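Quick notes on the structure that follows.
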Amino acid sequence: MPDELALKVQGLEKRYGTTLAVDGLSFQVRKGEIFGLLGPNGAGKTTTLECIEGLRKPDGGTISVLGVQPGSSKKLWDAIGVQLQSSALPDTMTPREALAFFSHYHGLTPDYRILDRMGLSKKLNNQCAHLSTGQKRRLALALCVAHNPELIFLDEPTAGLDVESRIELHAIMRELRDGGKTIILATHDMAEAQKLCDTIGIVIAGKLAVLGTPSQVTASGDQRTRIAISSEENTVGRHKPTFAQADFVREQDGYAYYQTDAPGAAVTSLLIFLSEHGDALVDLRVERPSLEERFMEILEKGRGSR
Amino acid sequence: MKGFVYHAIYDFKTGLRDKTLMLMNYLFPLGFFLLVGTFMTKINPFFAEIMVPGMLLFALMSSSLLSLPGTLVTSRESGVYRSFRVHGIPSYSLITIPIIGNLFHAAIVCALITVLSSLFFGGVLPVHWGWFAMVFILSALCLSTLGMLIGIVSQSSRATVLIAQAFYLPSVLLGGLMVPADQLPASLTAVASLFPATHAIRAFSFYAYGKTPPGAVMANPLLVMVAGIIINTVLCFTLFQWDTRPVGRKRLLFGLLSLTPFVVSALL
């Protein structure tokens, strides 16, 4: 079950005129995971998602969504939930009507509790034109999951949301994943991807630049782990010792900064150094390169190779 | 089926809730009817004879040509259709439901115009009510499918207005809604035959009011309208686009096929 595939994309290609928007993209998503599709604006994330969702016809490659070719059956529309990047509803439609509208098309009796869960209980009868951006996003998510789909596509779901709504949406996404749903999340918010995703794929210029867990992706970069150390006598900052495993970078505000490829050995060496000099440790921080830094590195490489 | 029915009810309610639709479906045609009813019968006594069908067609054209295509283009451009698509809503719902909704709104306005014109403005009522209803339904379908097609092939909201006006204004001026079509010069009569309203008014006159029936079979207004409905419907289903991207020019050219029965009748 854990290795059962929810989605398989093989050599996906999509052209707009002479522009190759998606260039031979291949990846697969296991059931029950949150898969993050990352990339800068115009990288081809939305086009890829739209091909998978059946909104656009690919020019090459194969896609299998829950074992079915997208856009080919009504059953598939019932099995997937899609929140589009720019989803819209008629201005005069209310959240209550929207839920009933789509539920009836999915052959279900509307269950309005999902609107309560999304914090829209006081807006049930307000027309969409009078909802805030956050409320519209929450409504879109409610409509996307109301028919209990197996596979959920979220395209920039937290764009334009305030911090509180963003945290709330993250909690809902985790809840969905824990409930056995598979989520494909397109985002350019690296922190969001790092927090939520089990696997991420970074797309640059229509090609998959890197694929793996957030930790694997981060660790695969050229950037080194940073160590910041502070002690009562600032012995390290004053002596600036060098070790085989770590390079001294700078001393600032009572902290000595190092870069290393072997953080365990480097920390041990620093603690021994402090002990030998009779100094006491005040603070020690080990920071791995963030996904955002790794992303920027991949982006720079991508630009360099073009 | 449940989804289709709920959608149709929602669509009908929208026609009453949306200010623009309310204006174009009800307020504008009824306001114009009251204005024309008050003055035209005094200026032109003959107008009483064509007041009911003329004002009905005016109302039908307002809702079908000025309101229906604009709503469609706005929905497509704003991504509403894409949102519908990802829930598996079929294209036939999006094509047929606005036409059905338009028919219901038009029926309400039609009833009001018929009753009010007879009560207050001396409007002549039809002789054959069955034919009156039949011609009304065919006219509404012919104009609604044309309006739908205009929305489907229009590249933008601005283009929609221009294309719709290209049908609306000549229909009002030449279609026999205000002035009897047989008083027009022969050349203009042929031009007038290019517009569905002309055939609708002829059909009302021949079938609902029992006037002289048409000669050539191919110029039979009912036949022309039915052909128009079929061609428009086929084109609507063929050319419908979910996407927000601009509609290609090829679609507009294909859309011109809609004129085929009207061109044939004009030539005859």
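Order determines the names: the first chain of the structure tokens is A, the second B, and so forth; residues in each chain are numbered 1 upward, and ligands are numbered 1 upward as they are shown.
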Legend entry - Test item: chain B residues at most 7 Å from chain A, counting only C-alpha atoms, as a count of residues only: 14
Inset, instruction - Please give the complete set of residues from stretch 85-270 of chain A that DSSP, run on the backbone, assigns to alpha helix (DSSP H), formatted as a ChimeraX atom specification. - result: /A:95-105,113-117,133-145,163-178,190-196,214-219,235-239,263-270
Skip stretch 226-242 of chain A itself and residues of its chain fewer than 2 positions away, then list as a PDB file with C-alpha atoms, in the first residue's frame all residues within 12 Å of it, counting only C-alpha atoms.
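Final output, result_30.pdb:
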ATOM      1  CA  GLN A 223      26.557  24.520   0.534  1.00  0.00           C
ATOM      2  CA  ARG A 224      28.059  23.485   3.868  1.00  0.00           C
ATOM      3  CA  ALA A 244      40.573  19.684   9.545  1.00  0.00           C
ATOM      4  CA  GLN A 245      36.782  19.299   9.490  1.00  0.00           C
ATOM      5  CA  ALA A 246      35.786  22.997   9.718  1.00  0.00           C
ATOM      6  CA  ASP A 247      36.799  26.377   8.315  1.00  0.00           C
ATOM      7  CA  PHE A 248      36.626  29.550  10.366  1.00  0.00           C
ATOM      8  CA  VAL A 249      34.466  32.180   8.656  1.00  0.00           C
ATOM      9  CA  ARG A 250      34.188  35.191  10.977  1.00  0.00           C
ATOM     10  CA  GLU A 251      33.757  36.428  14.531  1.00  0.00           C
ATOM     11  CA  GLN A 252      30.817  38.671  15.232  1.00  0.00           C
ATOM     12  CA  ASP A 253      28.857  39.778  18.306  1.00  0.00           C
ATOM     13  CA  GLY A 254      30.550  37.248  20.563  1.00  0.00           C
ATOM     14  CA  TYR A 255      29.979  34.344  18.177  1.00  0.00           C
ATOM     15  CA  ALA A 256      32.557  32.468  16.100  1.00  0.00           C
ATOM     16  CA  TYR A 257      31.183  31.152  12.804  1.00  0.00           C
ATOM     17  CA  TYR A 258      32.443  28.020  11.015  1.00  0.00           C
ATOM     18  CA  GLN A 259      31.541  26.105   7.880  1.00  0.00           C
ATOM     19  CA  THR A 260      31.881  22.359   7.710  1.00  0.00           C
ATOM     20  CA  ASP A 261      31.028  19.222   5.801  1.00  0.00           C
ATOM     21  CA  ALA A 262      31.338  17.103   8.964  1.00  0.00           C
ATOM     22  CA  PRO A 263      29.301  18.882  11.638  1.00  0.00           C
ATOM     23  CA  GLY A 264      29.637  16.109  14.252  1.00  0.00           C
ATOM     24  CA  ALA A 265      33.407  16.038  14.162  1.00  0.00           C
ATOM     25  CA  ALA A 266      33.632  19.844  14.003  1.00  0.00           C
ATOM     26  CA  VAL A 267      31.414  20.327  17.075  1.00  0.00           C
ATOM     27  CA  THR A 268      33.430  17.762  19.010  1.00  0.00           C
ATOM     28  CA  SER A 269      36.687  19.557  18.112  1.00  0.00           C
ATOM     29  CA  LEU A 270      35.250  22.932  19.163  1.00  0.00           C
ATOM     30  CA  LEU A 271      34.037  21.591  22.520  1.00  0.00           C
ATOM     31  CA  ILE A 272      37.431  19.970  23.195  1.00  0.00           C
ATOM     32  CA  PHE A 273      39.106  23.282  22.326  1.00  0.00           C
ATOM     33  CA  LEU A 274      36.896  25.129  24.824  1.00  0.00           C
ATOM     34  CA  SER A 275      37.550  22.545  27.512  1.00  0.00           C
ATOM     35  CA  GLU A 276      41.352  22.702  26.973  1.00  0.00           C
ATOM     36  CA  HIS A 277      41.207  26.494  27.431  1.00  0.00           C
ATOM     37  CA  GLY A 278      38.998  26.272  30.545  1.00  0.00           C
ATOM     38  CA  ASP A 279      36.162  28.185  28.893  1.00  0.00           C
ATOM     39  CA  ALA A 280      32.432  27.388  29.327  1.00  0.00           C
ATOM     40  CA  LEU A 281      29.973  27.030  26.446  1.00  0.00           C
ATOM     41  CA  VAL A 282      27.155  29.613  26.299  1.00  0.00           C
ATOM     42  CA  ASP A 283      25.471  28.820  22.961  1.00  0.00           C
ATOM     43  CA  LEU A 284      26.006  26.457  20.065  1.00  0.00           C
ATOM     44  CA  ARG A 285      23.997  26.451  16.826  1.00  0.00           C
ATOM     45  CA  VAL A 286      24.288  24.039  13.923  1.00  0.00           C
ATOM     46  CA  GLU A 287      22.440  25.212  10.835  1.00  0.00           C
ATOM     47  CA  ARG A 288      22.048  23.107   7.748  1.00  0.00           C
ATOM     48  CA  PRO A 289      21.558  24.972   4.474  1.00  0.00           C
ATOM     49  CA  SER A 290      17.852  25.672   4.024  1.00  0.00           C
TER      50      SER A 290
END
Legend entry - Residue contacts of B:Leu21 (12 Å, only C-alpha atoms) excluding same-chain residues fewer than 2 positions away, as an MDAnalysis selection string: (chainID A and resid 92) or (chainID B and resid 11:19 23:29 62:72 98 101:102 105:106)
Legend entry - Pick from B:Gly151, B:Gly54, B:Pro90, B:Pro45, whichever lies nearest to B:Met1 using only C-alpha atoms: B:Pro90
Inset, instruction - Fewer than 5 positions away in the same chain doesn't count, so skip those; otherwise give me all residues within 9 Å of B:Ile99, counting only C-alpha atoms, as a PyMOL selection string. - result: chain B and resi 64+68+104+140-141+144-145+147-148
Inset, instruction - Using only C-alpha atoms, find the one residue out of B:Ile97, B:Val191, B:Val153, B:Leu143 that sits nearest to B:Thr238. - result: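 Smallest separation from B:Thr238 among the options: B:Val153.
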Legend entry - Members of stretch 42-291 of chain A assigned strand (DSSP E) by DSSP, as a PyMOL selection string: chain A and resi 60-65+80-83+151-155+182-187+199-204+207-212+225-231+246-252+255-260+281-287
Exercise: B:Phe254 partners within 9 Å, only C-alpha atoms, chain neighbours under 5 positions left out, as a PDB file with N, CA, C and O atoms, in the first residue's frame:
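The new file around_22.pdb reads:
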ATOM      1  N   VAL B 153     -17.400  32.186 -29.650  1.00  0.00           N
ATOM      2  CA  VAL B 153     -16.375  32.521 -30.661  1.00  0.00           C
ATOM      3  C   VAL B 153     -15.730  33.891 -30.429  1.00  0.00           C
ATOM      4  O   VAL B 153     -14.766  34.237 -31.107  1.00  0.00           O
ATOM      5  N   LEU B 235     -22.519  24.095 -33.678  1.00  0.00           N
ATOM      6  CA  LEU B 235     -21.318  24.939 -33.595  1.00  0.00           C
ATOM      7  C   LEU B 235     -20.943  25.220 -32.144  1.00  0.00           C
ATOM      8  O   LEU B 235     -19.766  25.235 -31.789  1.00  0.00           O
ATOM      9  N   LEU B 239     -17.292  24.248 -30.906  1.00  0.00           N
ATOM     10  CA  LEU B 239     -16.313  25.316 -30.703  1.00  0.00           C
ATOM     11  C   LEU B 239     -16.124  25.721 -29.238  1.00  0.00           C
ATOM     12  O   LEU B 239     -15.269  26.535 -28.928  1.00  0.00           O
ATOM     13  N   ARG B 249      -8.949  32.892 -33.949  1.00  0.00           N
ATOM     14  CA  ARG B 249      -9.775  33.519 -34.994  1.00  0.00           C
ATOM     15  C   ARG B 249     -10.517  32.496 -35.849  1.00  0.00           C
ATOM     16  O   ARG B 249     -11.564  32.793 -36.405  1.00  0.00           O
TER      17      ARG B 249
END
